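Coordinates from start07.pdb are shown below (PDB, C-alpha atoms).
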```pdb
ATOM      1  CA  MET A   1       0.000   0.000   0.000
ATOM      2  CA  ALA A   2       2.818   2.367   0.754
ATOM      3  CA  ILE A   3       4.004   2.489  -2.813
ATOM      4  CA  SER A   4       0.586   3.640  -4.040
ATOM      5  CA  ASN A   5       1.025   6.875  -2.082
ATOM      6  CA  PHE A   6       4.286   7.699  -3.817
ATOM      7  CA  ILE A   7       4.090  10.942  -5.838
ATOM      8  CA  PRO A   8       7.189  11.547  -7.997
ATOM      9  CA  GLU A   9       8.650  15.041  -8.237
ATOM     10  CA  LEU A  10       9.634  16.251 -11.677
ATOM     11  CA  TRP A  11      12.254  18.998 -12.006
ATOM     12  CA  SER A  12      11.860  21.237 -15.014
ATOM     13  CA  THR A  13      14.840  21.974 -17.232
ATOM     14  CA  GLN A  14      13.769  25.637 -17.382
ATOM     15  CA  ALA A  15      13.808  28.265 -14.648
ATOM     16  CA  LEU A  16      10.858  30.623 -14.291
ATOM     17  CA  VAL A  17      12.424  34.081 -14.206
ATOM     18  CA  ALA A  18      10.737  37.179 -12.805
ATOM     19  CA  PHE A  19       9.216  39.893 -14.949
ATOM     20  CA  ARG A  20      11.831  42.591 -15.352
ATOM     21  CA  ASN A  21      11.741  46.365 -15.333
ATOM     22  CA  SER A  22      13.928  48.020 -17.962
ATOM     23  CA  HIS A  23      17.242  49.551 -16.976
ATOM     24  CA  VAL A  24      16.854  53.042 -18.410
ATOM     25  CA  PHE A  25      19.005  55.679 -16.752
ATOM     26  CA  ARG A  26      22.328  53.870 -17.040
ATOM     27  CA  SER A  27      21.970  54.185 -20.828
ATOM     28  CA  LEU A  28      21.256  57.926 -20.673
ATOM     29  CA  VAL A  29      24.242  59.208 -18.693
ATOM     30  CA  ASN A  30      27.743  60.222 -19.729
ATOM     31  CA  ARG A  31      30.228  57.366 -19.079
ATOM     32  CA  ASN A  32      33.408  59.082 -20.390
ATOM     33  CA  TYR A  33      35.352  58.606 -17.148
ATOM     34  CA  GLU A  34      34.542  54.928 -16.655
ATOM     35  CA  GLY A  35      38.065  53.571 -17.037
ATOM     36  CA  GLU A  36      39.679  55.951 -14.549
ATOM     37  CA  ILE A  37      38.460  54.394 -11.283
ATOM     38  CA  ARG A  38      39.895  51.490  -9.321
ATOM     39  CA  ASN A  39      38.149  51.369  -5.942
ATOM     40  CA  ALA A  40      35.642  52.973  -3.594
ATOM     41  CA  GLY A  41      36.762  56.394  -2.409
ATOM     42  CA  ASP A  42      38.487  57.298  -5.670
ATOM     43  CA  THR A  43      37.932  60.796  -7.007
ATOM     44  CA  VAL A  44      37.801  61.716 -10.683
ATOM     45  CA  ARG A  45      38.598  65.353 -11.519
ATOM     46  CA  ILE A  46      36.518  66.694 -14.398
ATOM     47  CA  THR A  47      37.850  69.769 -16.187
ATOM     48  CA  THR A  48      35.564  72.185 -18.043
ATOM     49  CA  PRO A  49      37.242  74.788 -20.297
ATOM     50  CA  ALA A  50      35.959  78.359 -20.296
ATOM     51  CA  ALA A  51      34.443  79.934 -23.398
ATOM     52  CA  ILE A  52      36.689  81.805 -25.822
ATOM     53  CA  THR A  53      35.600  85.377 -26.538
ATOM     54  CA  VAL A  54      35.460  86.972 -29.968
ATOM     55  CA  GLY A  55      36.545  90.589 -30.538
ATOM     56  CA  ALA A  56      36.444  93.090 -33.385
ATOM     57  CA  TYR A  57      39.763  93.271 -35.241
ATOM     58  CA  SER A  58      41.239  96.803 -35.472
ATOM     59  CA  GLY A  59      44.858  96.077 -36.336
ATOM     60  CA  THR A  60      45.937  94.472 -33.067
ATOM     61  CA  VAL A  61      45.216  91.143 -31.413
ATOM     62  CA  SER A  62      44.727  90.596 -27.670
ATOM     63  CA  TYR A  63      45.258  87.091 -26.411
ATOM     64  CA  GLN A  64      42.872  85.661 -23.856
ATOM     65  CA  THR A  65      44.210  83.516 -21.040
ATOM     66  CA  PRO A  66      41.623  80.728 -20.795
ATOM     67  CA  THR A  67      40.531  79.521 -17.390
ATOM     68  CA  THR A  68      39.057  76.195 -16.414
ATOM     69  CA  THR A  69      36.642  75.016 -13.766
ATOM     70  CA  GLN A  70      36.978  71.744 -11.871
ATOM     71  CA  GLN A  71      34.345  69.307 -10.664
ATOM     72  CA  SER A  72      34.937  66.209  -8.587
ATOM     73  CA  LEU A  73      33.207  62.885  -9.217
ATOM     74  CA  LEU A  74      33.487  60.906  -6.007
ATOM     75  CA  ILE A  75      33.225  57.130  -6.243
ATOM     76  CA  ASP A  76      31.172  56.896  -3.066
ATOM     77  CA  LYS A  77      28.612  54.202  -3.878
ATOM     78  CA  ASP A  78      29.517  50.669  -2.848
ATOM     79  CA  ARG A  79      27.181  47.747  -3.594
ATOM     80  CA  TYR A  80      27.494  43.973  -3.313
ATOM     81  CA  TRP A  81      25.531  40.791  -3.905
ATOM     82  CA  ALA A  82      26.157  37.334  -2.472
ATOM     83  CA  PHE A  83      24.359  34.016  -2.501
ATOM     84  CA  GLU A  84      25.000  30.414  -1.502
ATOM     85  CA  LEU A  85      23.800  27.432  -3.516
ATOM     86  CA  ASP A  86      23.612  24.029  -1.828
ATOM     87  CA  ASP A  87      25.011  21.018  -3.680
ATOM     88  CA  ALA A  88      21.699  19.190  -3.304
ATOM     89  CA  ASP A  89      19.785  21.944  -5.080
ATOM     90  CA  GLN A  90      22.155  21.836  -8.017
ATOM     91  CA  ALA A  91      22.018  18.044  -8.179
ATOM     92  CA  GLN A  92      18.214  17.962  -8.230
ATOM     93  CA  ALA A  93      17.754  20.617 -10.919
ATOM     94  CA  ASN A  94      18.686  20.139 -14.552
ATOM     95  CA  VAL A  95      18.612  23.865 -15.153
ATOM     96  CA  SER A  96      21.844  25.678 -14.380
ATOM     97  CA  LEU A  97      20.805  27.260 -11.100
ATOM     98  CA  MET A  98      24.185  28.947 -10.720
ATOM     99  CA  GLN A  99      23.791  30.863 -13.991
ATOM    100  CA  ALA A 100      20.156  31.654 -13.227
ATOM    101  CA  TYR A 101      21.041  33.209  -9.883
ATOM    102  CA  MET A 102      24.004  35.041 -11.405
ATOM    103  CA  ASN A 103      21.588  36.622 -13.873
ATOM    104  CA  GLU A 104      19.236  37.544 -11.027
ATOM    105  CA  ALA A 105      22.090  39.144  -9.084
ATOM    106  CA  ALA A 106      23.221  41.179 -12.080
ATOM    107  CA  TYR A 107      19.670  42.351 -12.706
ATOM    108  CA  ALA A 108      19.098  43.334  -9.069
ATOM    109  CA  LEU A 109      22.339  45.292  -9.031
ATOM    110  CA  ALA A 110      21.425  47.164 -12.205
ATOM    111  CA  GLN A 111      17.986  47.961 -10.797
ATOM    112  CA  ASP A 112      19.529  49.401  -7.644
ATOM    113  CA  VAL A 113      21.824  51.673  -9.659
ATOM    114  CA  ASP A 114      19.034  52.725 -12.024
ATOM    115  CA  ALA A 115      16.772  53.772  -9.135
ATOM    116  CA  ASP A 116      19.660  55.729  -7.615
ATOM    117  CA  LEU A 117      20.211  57.631 -10.864
ATOM    118  CA  ALA A 118      16.488  58.474 -11.003
ATOM    119  CA  SER A 119      16.823  60.189  -7.614
ATOM    120  CA  LEU A 120      19.088  62.836  -9.182
ATOM    121  CA  TYR A 121      16.023  64.752 -10.393
ATOM    122  CA  VAL A 122      16.472  66.915  -7.265
ATOM    123  CA  ASN A 123      19.627  68.388  -8.833
ATOM    124  CA  SER A 124      17.852  69.742 -11.881
ATOM    125  CA  GLY A 125      18.813  73.295 -12.816
ATOM    126  CA  LEU A 126      15.620  74.080 -14.740
ATOM    127  CA  THR A 127      12.231  75.284 -13.546
ATOM    128  CA  ASP A 128       9.924  72.395 -12.665
ATOM    129  CA  ILE A 129       7.005  71.839 -15.051
ATOM    130  CA  ASN A 130       3.663  70.638 -13.704
ATOM    131  CA  LEU A 131       1.531  68.035 -15.453
ATOM    132  CA  ASP A 132      -1.890  66.669 -14.516
ATOM    133  CA  VAL A 133      -1.943  63.336 -16.286
ATOM    134  CA  GLY A 134      -5.163  62.903 -18.214
ATOM    135  CA  THR A 135      -6.056  66.597 -17.912
ATOM    136  CA  THR A 136      -3.107  68.744 -18.997
ATOM    137  CA  ASP A 137      -1.917  68.416 -22.601
ATOM    138  CA  HIS A 138       1.176  66.236 -22.232
ATOM    139  CA  TRP A 139       2.569  67.346 -25.585
ATOM    140  CA  ASP A 140       2.417  71.040 -24.600
ATOM    141  CA  GLN A 141       4.395  70.386 -21.416
ATOM    142  CA  LEU A 142       7.009  68.434 -23.317
ATOM    143  CA  VAL A 143       7.340  71.280 -25.816
ATOM    144  CA  LEU A 144       7.883  73.614 -22.846
ATOM    145  CA  ALA A 145      10.606  71.279 -21.580
ATOM    146  CA  GLY A 146      12.301  71.487 -24.969
ATOM    147  CA  GLN A 147      12.058  75.275 -24.872
ATOM    148  CA  GLN A 148      13.840  75.368 -21.516
ATOM    149  CA  LEU A 149      16.685  73.297 -22.938
ATOM    150  CA  ASP A 150      16.828  75.506 -26.041
ATOM    151  CA  GLU A 151      17.164  78.599 -23.869
ATOM    152  CA  GLU A 152      20.200  76.994 -22.201
ATOM    153  CA  ASN A 153      21.757  76.158 -25.603
ATOM    154  CA  VAL A 154      21.501  72.437 -24.906
ATOM    155  CA  PRO A 155      22.037  70.447 -28.141
ATOM    156  CA  ARG A 156      18.947  68.852 -29.636
ATOM    157  CA  GLU A 157      20.777  65.647 -30.434
ATOM    158  CA  GLY A 158      20.880  63.419 -27.356
ATOM    159  CA  ARG A 159      17.743  64.654 -25.574
ATOM    160  CA  TRP A 160      15.683  62.130 -23.611
ATOM    161  CA  TYR A 161      12.505  61.962 -21.534
ATOM    162  CA  VAL A 162      11.544  59.244 -19.017
ATOM    163  CA  VAL A 163       7.957  58.589 -17.936
ATOM    164  CA  THR A 164       6.069  55.999 -15.896
ATOM    165  CA  PRO A 165       3.809  53.426 -17.589
ATOM    166  CA  LYS A 166       0.842  55.702 -16.864
ATOM    167  CA  GLY A 167       2.701  58.642 -18.374
ATOM    168  CA  TYR A 168       3.399  56.550 -21.445
ATOM    169  CA  ALA A 169      -0.293  55.645 -21.762
ATOM    170  CA  ASP A 170      -1.083  59.357 -21.579
ATOM    171  CA  LEU A 171       1.420  60.136 -24.351
ATOM    172  CA  LEU A 172      -0.201  57.491 -26.549
ATOM    173  CA  LYS A 173      -3.345  59.611 -26.580
ATOM    174  CA  THR A 174      -1.548  62.538 -28.222
ATOM    175  CA  THR A 175      -1.621  62.643 -32.013
ATOM    176  CA  GLU A 176       1.926  64.027 -32.129
ATOM    177  CA  PHE A 177       3.541  60.993 -30.488
ATOM    178  CA  VAL A 178       5.686  58.902 -32.849
ATOM    179  CA  HIS A 179       6.465  55.261 -32.044
ATOM    180  CA  ALA A 180      10.089  54.189 -31.935
ATOM    181  CA  THR A 181      11.312  52.119 -34.855
ATOM    182  CA  GLN A 182      13.602  50.089 -32.594
ATOM    183  CA  SER A 183      12.264  46.667 -31.773
ATOM    184  CA  GLY A 184      13.106  43.396 -30.108
ATOM    185  CA  ASP A 185      16.016  43.215 -27.675
ATOM    186  CA  GLN A 186      17.023  46.878 -27.992
ATOM    187  CA  THR A 187      13.618  48.144 -26.918
ATOM    188  CA  ILE A 188      13.399  45.615 -24.088
ATOM    189  CA  ALA A 189      16.886  46.417 -22.798
ATOM    190  CA  THR A 190      16.681  50.208 -22.864
ATOM    191  CA  GLY A 191      13.002  50.879 -22.302
ATOM    192  CA  GLU A 192      12.880  53.203 -25.332
ATOM    193  CA  ILE A 193       9.336  53.474 -26.632
ATOM    194  CA  GLY A 194       9.163  56.372 -29.061
ATOM    195  CA  THR A 195       9.988  59.964 -29.905
ATOM    196  CA  ALA A 196       8.166  63.224 -29.255
ATOM    197  CA  ALA A 197       9.020  66.934 -29.455
ATOM    198  CA  GLY A 198      12.676  66.180 -30.141
ATOM    199  CA  PHE A 199      13.036  63.741 -27.216
ATOM    200  CA  ARG A 200      13.679  60.012 -27.232
ATOM    201  CA  ILE A 201      11.001  58.639 -24.909
ATOM    202  CA  PHE A 202      11.711  55.953 -22.310
ATOM    203  CA  LYS A 203       9.474  54.151 -19.825
ATOM    204  CA  SER A 204      10.575  53.169 -16.320
ATOM    205  CA  ASN A 205       9.144  52.025 -13.001
ATOM    206  CA  ASN A 206      12.125  53.534 -11.169
ATOM    207  CA  LEU A 207      11.010  57.174 -11.288
ATOM    208  CA  VAL A 208      10.667  58.739  -7.852
ATOM    209  CA  ASN A 209       7.244  58.974  -6.251
ATOM    210  CA  THR A 210       7.551  62.434  -4.665
ATOM    211  CA  THR A 211       4.108  62.351  -3.007
ATOM    212  CA  SER A 212       1.233  59.886  -2.903
ATOM    213  CA  SER A 213       0.252  60.562  -6.511
ATOM    214  CA  THR A 214       3.035  62.679  -8.039
ATOM    215  CA  TYR A 215       6.033  61.278  -9.912
ATOM    216  CA  ALA A 216       9.178  63.047 -11.044
ATOM    217  CA  TYR A 217       9.316  62.488 -14.804
ATOM    218  CA  MET A 218      12.826  63.389 -15.935
ATOM    219  CA  TYR A 219      14.096  64.945 -19.133
ATOM    220  CA  GLY A 220      17.469  66.190 -20.243
ATOM    221  CA  HIS A 221      20.546  65.663 -22.374
ATOM    222  CA  SER A 222      23.098  62.860 -22.335
ATOM    223  CA  SER A 223      25.730  65.273 -20.976
ATOM    224  CA  ALA A 224      23.698  66.205 -17.876
ATOM    225  CA  ILE A 225      24.724  63.304 -15.628
ATOM    226  CA  THR A 226      28.153  61.715 -15.404
ATOM    227  CA  MET A 227      28.639  58.227 -14.027
ATOM    228  CA  ALA A 228      31.638  55.969 -13.570
ATOM    229  CA  GLU A 229      31.378  52.405 -12.283
ATOM    230  CA  GLN A 230      33.688  49.461 -11.800
ATOM    231  CA  MET A 231      32.969  45.857 -10.868
ATOM    232  CA  ILE A 232      35.963  45.351  -8.584
ATOM    233  CA  ALA A 233      35.326  41.738  -7.550
ATOM    234  CA  THR A 234      33.400  38.651  -8.584
ATOM    235  CA  GLU A 235      34.398  35.603  -6.578
ATOM    236  CA  ALA A 236      33.429  31.941  -6.295
ATOM    237  CA  LEU A 237      34.111  30.307  -2.921
ATOM    238  CA  ARG A 238      33.500  26.946  -1.319
ATOM    239  CA  GLY A 239      31.444  27.095   1.877
ATOM    240  CA  ALA A 240      33.648  26.525   4.914
ATOM    241  CA  THR A 241      30.922  24.874   7.011
ATOM    242  CA  SER A 242      28.474  23.714   4.341
ATOM    243  CA  PHE A 243      28.342  21.663   1.158
ATOM    244  CA  ALA A 244      27.638  24.677  -0.969
ATOM    245  CA  ASP A 245      29.113  27.072  -3.486
ATOM    246  CA  GLN A 246      29.231  30.744  -2.531
ATOM    247  CA  ILE A 247      29.261  33.498  -5.159
ATOM    248  CA  ARG A 248      29.661  37.195  -4.477
ATOM    249  CA  GLY A 249      30.334  40.386  -6.365
ATOM    250  CA  ARG A 250      31.048  44.037  -5.569
ATOM    251  CA  LEU A 251      30.428  47.191  -7.591
ATOM    252  CA  VAL A 252      31.660  50.706  -6.852
ATOM    253  CA  TYR A 253      30.435  53.772  -8.694
ATOM    254  CA  GLY A 254      29.912  57.494  -8.563
ATOM    255  CA  ARG A 255      27.333  59.705 -10.237
ATOM    256  CA  LYS A 256      26.810  63.433 -10.402
ATOM    257  CA  VAL A 257      24.777  66.045 -12.254
ATOM    258  CA  VAL A 258      27.574  67.978 -13.946
ATOM    259  CA  ARG A 259      25.332  70.116 -16.175
ATOM    260  CA  PRO A 260      22.246  71.091 -14.120
ATOM    261  CA  ALA A 261      20.979  73.306 -16.957
ATOM    262  CA  ALA A 262      20.692  70.185 -19.119
ATOM    263  CA  LEU A 263      18.405  68.340 -16.687
ATOM    264  CA  GLY A 264      14.755  69.026 -15.915
ATOM    265  CA  THR A 265      11.747  67.605 -14.108
ATOM    266  CA  ILE A 266       8.092  67.325 -15.028
ATOM    267  CA  LEU A 267       6.147  66.810 -11.825
ATOM    268  CA  ALA A 268       3.277  64.592 -12.947
ATOM    269  CA  ASP A 269       0.160  64.192 -10.831
ATOM    270  CA  GLU A 270      -1.213  60.765 -11.748
ATOM    271  CA  THR A 271      -4.352  60.978  -9.611
TER     272      THR A 271
END
```
Output the file's structure in the form of structure tokens.
Amino acid sequence: MAISNFIPELWSTQALVAFRNSHVFRSLVNRNYEGEIRNAGDTVRITTPAAITVGAYSGTVSYQTPTTTQQSLLIDKDRYWAFELDDADQAQANVSLMQAYMNEAAYALAQDVDADLASLYVNSGLTDINLDVGTTDHWDQLVLAGQQLDEENVPREGRWYVVTPKGYADLLKTTEFVHATQSGDQTIATGEIGTAAGFRIFKSNNLVNTTSSTYAYMYGHSSAITMAEQMIATEALRGATSFADQIRGRLVYGRKVVRPAALGTILADET
């Protein structure tokens, strides 16, 4: 009789992965100084040359002595991930659990960084624009955002705008919105969903909820935010007191709004 109660367990060869939010902001920042960091606490010095003046020629030439300004990018963010996988779990599953969890760790780390970059809206140098989603004309507010960038001489090439899923749905209702031609993996990886008013449009769930119903939609230029990151360690260890493999990794990075006049916020009430 005992054998009739036996219920076999079948292990699938596929892992069921979680639905994933797009990593948006890491693709929108300036990464020029990436290779110059080694560890947490490093400081990258960013030099900005002054403008050269033009004078009327009257027979003599006066030479300007250019000056520069300095900004510091401090590598002050330190993140890690670590997990332990028991030998029995790996033996029972045909799917490569190690690779599956490595992918999960990499995704979680990228999400953490992306949300941190979204918090930089507070360092915007432009006047906040208000939007009542579903009531205010979204296109008009985006045109106003473009005007603010124009007035600061921000180049048109490289402008971006990030909205929530509800903000995206609102944009879809405007006749001026143009769908992106990118498809497949590129759209999934970057969150890019279209173009409007000279901006590449992106969708993200990492935008900051400033109040119960208001979100900080962000717009700007690719030169507004500088970021430098370095994965300084990825290690595989054998558990000292367990029959398990231990995997861990560590990332250090710094980020800063270096051109506040190239970054703006649309405060969107999604009530």
One residue among A:Asp269, A:Asp78, A:Asp112, A:Glu104 is nearest to His138 in chain A when using only C-alpha atoms, and that residue is A:Asp269
Which residues would end up in the selection if the PyMOL selection byres ((chain A and resi 249-260) around 8) were applied here, given that I need the answer as a ChimeraX atom specification?
/A:39-40,71,73-82,117,120,123-126,223-235,247-248,261-264
Selection from above, C-alpha atoms, as a compact mmCIF listing (two decimals), in the coordinates of the input, can you write it?
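Output contents, as saved in part_5.txt:
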```txt
# COMPACT_ATOMS: atom_id res chain seq x y z
CA ASN A 39 38.15 51.37 -5.94
CA ALA A 40 35.64 52.97 -3.59
CA GLN A 71 34.34 69.31 -10.66
CA LEU A 73 33.21 62.88 -9.22
CA LEU A 74 33.49 60.91 -6.01
CA ILE A 75 33.22 57.13 -6.24
CA ASP A 76 31.17 56.90 -3.07
CA LYS A 77 28.61 54.20 -3.88
CA ASP A 78 29.52 50.67 -2.85
CA ARG A 79 27.18 47.75 -3.59
CA TYR A 80 27.49 43.97 -3.31
CA TRP A 81 25.53 40.79 -3.90
CA ALA A 82 26.16 37.33 -2.47
CA LEU A 117 20.21 57.63 -10.86
CA LEU A 120 19.09 62.84 -9.18
CA ASN A 123 19.63 68.39 -8.83
CA SER A 124 17.85 69.74 -11.88
CA GLY A 125 18.81 73.30 -12.82
CA LEU A 126 15.62 74.08 -14.74
CA SER A 223 25.73 65.27 -20.98
CA ALA A 224 23.70 66.20 -17.88
CA ILE A 225 24.72 63.30 -15.63
CA THR A 226 28.15 61.72 -15.40
CA MET A 227 28.64 58.23 -14.03
CA ALA A 228 31.64 55.97 -13.57
CA GLU A 229 31.38 52.40 -12.28
CA GLN A 230 33.69 49.46 -11.80
CA MET A 231 32.97 45.86 -10.87
CA ILE A 232 35.96 45.35 -8.58
CA ALA A 233 35.33 41.74 -7.55
CA THR A 234 33.40 38.65 -8.58
CA GLU A 235 34.40 35.60 -6.58
CA ILE A 247 29.26 33.50 -5.16
CA ARG A 248 29.66 37.20 -4.48
CA ALA A 261 20.98 73.31 -16.96
CA ALA A 262 20.69 70.18 -19.12
CA LEU A 263 18.40 68.34 -16.69
CA GLY A 264 14.76 69.03 -15.92
```
From CA of Leu28 in chain A to CA of Ile46 in chain A the spacing works out at 18.7 Å
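Proximity to Trp139 in chain A at 10 Å, evaluated using only C-alpha atoms and with sequence-adjacent residues fewer than 6 positions away removed, yields Ala145, Asp170, Leu171, Lys173, Thr174, Thr175, Glu176, Phe177, Ala196 and Ala197 of chain A.
Excluding Thr210 in chain A and any residue on its chain fewer than 6 positions from it, the residues at most 12 Å away by all atoms listed in the file are Ala118, Ser119, Tyr121, Val122, Ala216, Tyr217, Thr265, Ile266, Leu267, Ala268, Asp269 and Glu270 of chain A.
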Q) Care to translate the PyMOL selection byres ((chain A and resi 68) around 9) into actual residues of this file, as an MDAnalysis selection string? A) chainID A and resid 47:50 66:67 69:70
Between CA of Val113 in chain A and CA of Gly220 in chain A lies a distance of 18.5 Å
Legend entry - Expected selection from the PyMOL selection byres ((chain A and resi 132) around 8), given as a VMD selection string: chain A and resid 130 to 131 133 to 136 268 to 271
Computed gap from CA of Val208 in chain A to CA of Gly191 in chain A is 16.6 Å
For this session: Extract, using all atoms listed in the file, all DNA, RNA and protein residues at most 7 Å from Arg26 in chain A, discarding same-chain residues fewer than 3 positions from it, and format them as a list in words.
Result: His23, Val29 and Asp114 of chain A
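Ranking A:Glu192, A:Asp86, A:Ser96, A:Arg200 by their shortest atom-to-atom distance to Leu142 in chain A, with all atoms listed in the file included, puts A:Arg200 first.
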Counting all atoms listed in the file, the residue among A:Tyr215, A:Tyr168, A:Tyr101, A:Phe199 that lies closest to Arg156 in chain A is A:Phe199
With N, CA and C atoms as the target, complete range 72-95 of chain A and hand it back as a PDB file, in the coordinates of the input.
```pdb
ATOM      1  N   SER A  72      34.461  67.483  -9.106  1.00  0.00           N
ATOM      2  CA  SER A  72      34.937  66.209  -8.587  1.00  0.00           C
ATOM      3  C   SER A  72      33.826  65.175  -8.651  1.00  0.00           C
ATOM      4  N   LEU A  73      34.130  64.021  -9.209  1.00  0.00           N
ATOM      5  CA  LEU A  73      33.207  62.885  -9.217  1.00  0.00           C
ATOM      6  C   LEU A  73      33.729  61.875  -8.212  1.00  0.00           C
ATOM      7  N   LEU A  74      33.059  61.794  -7.080  1.00  0.00           N
ATOM      8  CA  LEU A  74      33.487  60.906  -6.007  1.00  0.00           C
ATOM      9  C   LEU A  74      32.869  59.522  -6.187  1.00  0.00           C
ATOM     10  N   ILE A  75      33.706  58.509  -6.144  1.00  0.00           N
ATOM     11  CA  ILE A  75      33.225  57.130  -6.243  1.00  0.00           C
ATOM     12  C   ILE A  75      32.815  56.689  -4.832  1.00  0.00           C
ATOM     13  N   ASP A  76      31.610  57.065  -4.455  1.00  0.00           N
ATOM     14  CA  ASP A  76      31.172  56.896  -3.066  1.00  0.00           C
ATOM     15  C   ASP A  76      30.040  55.878  -2.898  1.00  0.00           C
ATOM     16  N   LYS A  77      29.665  55.211  -3.965  1.00  0.00           N
ATOM     17  CA  LYS A  77      28.612  54.202  -3.878  1.00  0.00           C
ATOM     18  C   LYS A  77      29.245  52.814  -3.933  1.00  0.00           C
ATOM     19  N   ASP A  78      28.894  51.991  -2.972  1.00  0.00           N
ATOM     20  CA  ASP A  78      29.517  50.669  -2.848  1.00  0.00           C
ATOM     21  C   ASP A  78      28.411  49.631  -2.661  1.00  0.00           C
ATOM     22  N   ARG A  79      28.262  48.729  -3.629  1.00  0.00           N
ATOM     23  CA  ARG A  79      27.181  47.747  -3.594  1.00  0.00           C
ATOM     24  C   ARG A  79      27.746  46.328  -3.733  1.00  0.00           C
ATOM     25  N   TYR A  80      27.058  45.356  -3.155  1.00  0.00           N
ATOM     26  CA  TYR A  80      27.494  43.973  -3.313  1.00  0.00           C
ATOM     27  C   TYR A  80      26.282  43.051  -3.433  1.00  0.00           C
ATOM     28  N   TRP A  81      26.513  41.868  -3.933  1.00  0.00           N
ATOM     29  CA  TRP A  81      25.531  40.791  -3.905  1.00  0.00           C
ATOM     30  C   TRP A  81      26.261  39.511  -3.531  1.00  0.00           C
ATOM     31  N   ALA A  82      25.545  38.595  -2.896  1.00  0.00           N
ATOM     32  CA  ALA A  82      26.157  37.334  -2.472  1.00  0.00           C
ATOM     33  C   ALA A  82      25.058  36.299  -2.272  1.00  0.00           C
ATOM     34  N   PHE A  83      25.311  35.094  -2.739  1.00  0.00           N
ATOM     35  CA  PHE A  83      24.359  34.016  -2.501  1.00  0.00           C
ATOM     36  C   PHE A  83      25.107  32.691  -2.365  1.00  0.00           C
ATOM     37  N   GLU A  84      24.430  31.736  -1.733  1.00  0.00           N
ATOM     38  CA  GLU A  84      25.000  30.414  -1.502  1.00  0.00           C
ATOM     39  C   GLU A  84      24.057  29.376  -2.090  1.00  0.00           C
ATOM     40  N   LEU A  85      24.618  28.439  -2.860  1.00  0.00           N
ATOM     41  CA  LEU A  85      23.800  27.432  -3.516  1.00  0.00           C
ATOM     42  C   LEU A  85      24.233  26.044  -3.063  1.00  0.00           C
ATOM     43  N   ASP A  86      23.319  25.350  -2.376  1.00  0.00           N
ATOM     44  CA  ASP A  86      23.612  24.029  -1.828  1.00  0.00           C
ATOM     45  C   ASP A  86      23.814  22.998  -2.937  1.00  0.00           C
ATOM     46  N   ASP A  87      24.732  22.062  -2.693  1.00  0.00           N
ATOM     47  CA  ASP A  87      25.011  21.018  -3.680  1.00  0.00           C
ATOM     48  C   ASP A  87      23.755  20.223  -4.041  1.00  0.00           C
ATOM     49  N   ALA A  88      22.906  19.995  -3.067  1.00  0.00           N
ATOM     50  CA  ALA A  88      21.699  19.190  -3.304  1.00  0.00           C
ATOM     51  C   ALA A  88      20.762  19.884  -4.286  1.00  0.00           C
ATOM     52  N   ASP A  89      20.650  21.200  -4.165  1.00  0.00           N
ATOM     53  CA  ASP A  89      19.785  21.944  -5.080  1.00  0.00           C
ATOM     54  C   ASP A  89      20.284  21.813  -6.516  1.00  0.00           C
ATOM     55  N   GLN A  90      21.592  21.926  -6.672  1.00  0.00           N
ATOM     56  CA  GLN A  90      22.155  21.836  -8.017  1.00  0.00           C
ATOM     57  C   GLN A  90      22.013  20.430  -8.587  1.00  0.00           C
ATOM     58  N   ALA A  91      22.122  19.426  -7.720  1.00  0.00           N
ATOM     59  CA  ALA A  91      22.018  18.044  -8.179  1.00  0.00           C
ATOM     60  C   ALA A  91      20.599  17.705  -8.615  1.00  0.00           C
ATOM     61  N   GLN A  92      19.607  18.293  -7.948  1.00  0.00           N
ATOM     62  CA  GLN A  92      18.214  17.962  -8.230  1.00  0.00           C
ATOM     63  C   GLN A  92      17.680  18.679  -9.466  1.00  0.00           C
ATOM     64  N   ALA A  93      18.268  19.817  -9.811  1.00  0.00           N
ATOM     65  CA  ALA A  93      17.754  20.617 -10.919  1.00  0.00           C
ATOM     66  C   ALA A  93      18.615  20.441 -12.160  1.00  0.00           C
ATOM     67  N   ASN A  94      17.955  20.229 -13.295  1.00  0.00           N
ATOM     68  CA  ASN A  94      18.686  20.139 -14.552  1.00  0.00           C
ATOM     69  C   ASN A  94      19.108  21.516 -15.049  1.00  0.00           C
ATOM     70  N   VAL A  95      18.285  22.506 -14.743  1.00  0.00           N
ATOM     71  CA  VAL A  95      18.612  23.865 -15.153  1.00  0.00           C
ATOM     72  C   VAL A  95      19.854  24.330 -14.396  1.00  0.00           C
TER      73      VAL A  95
END
```
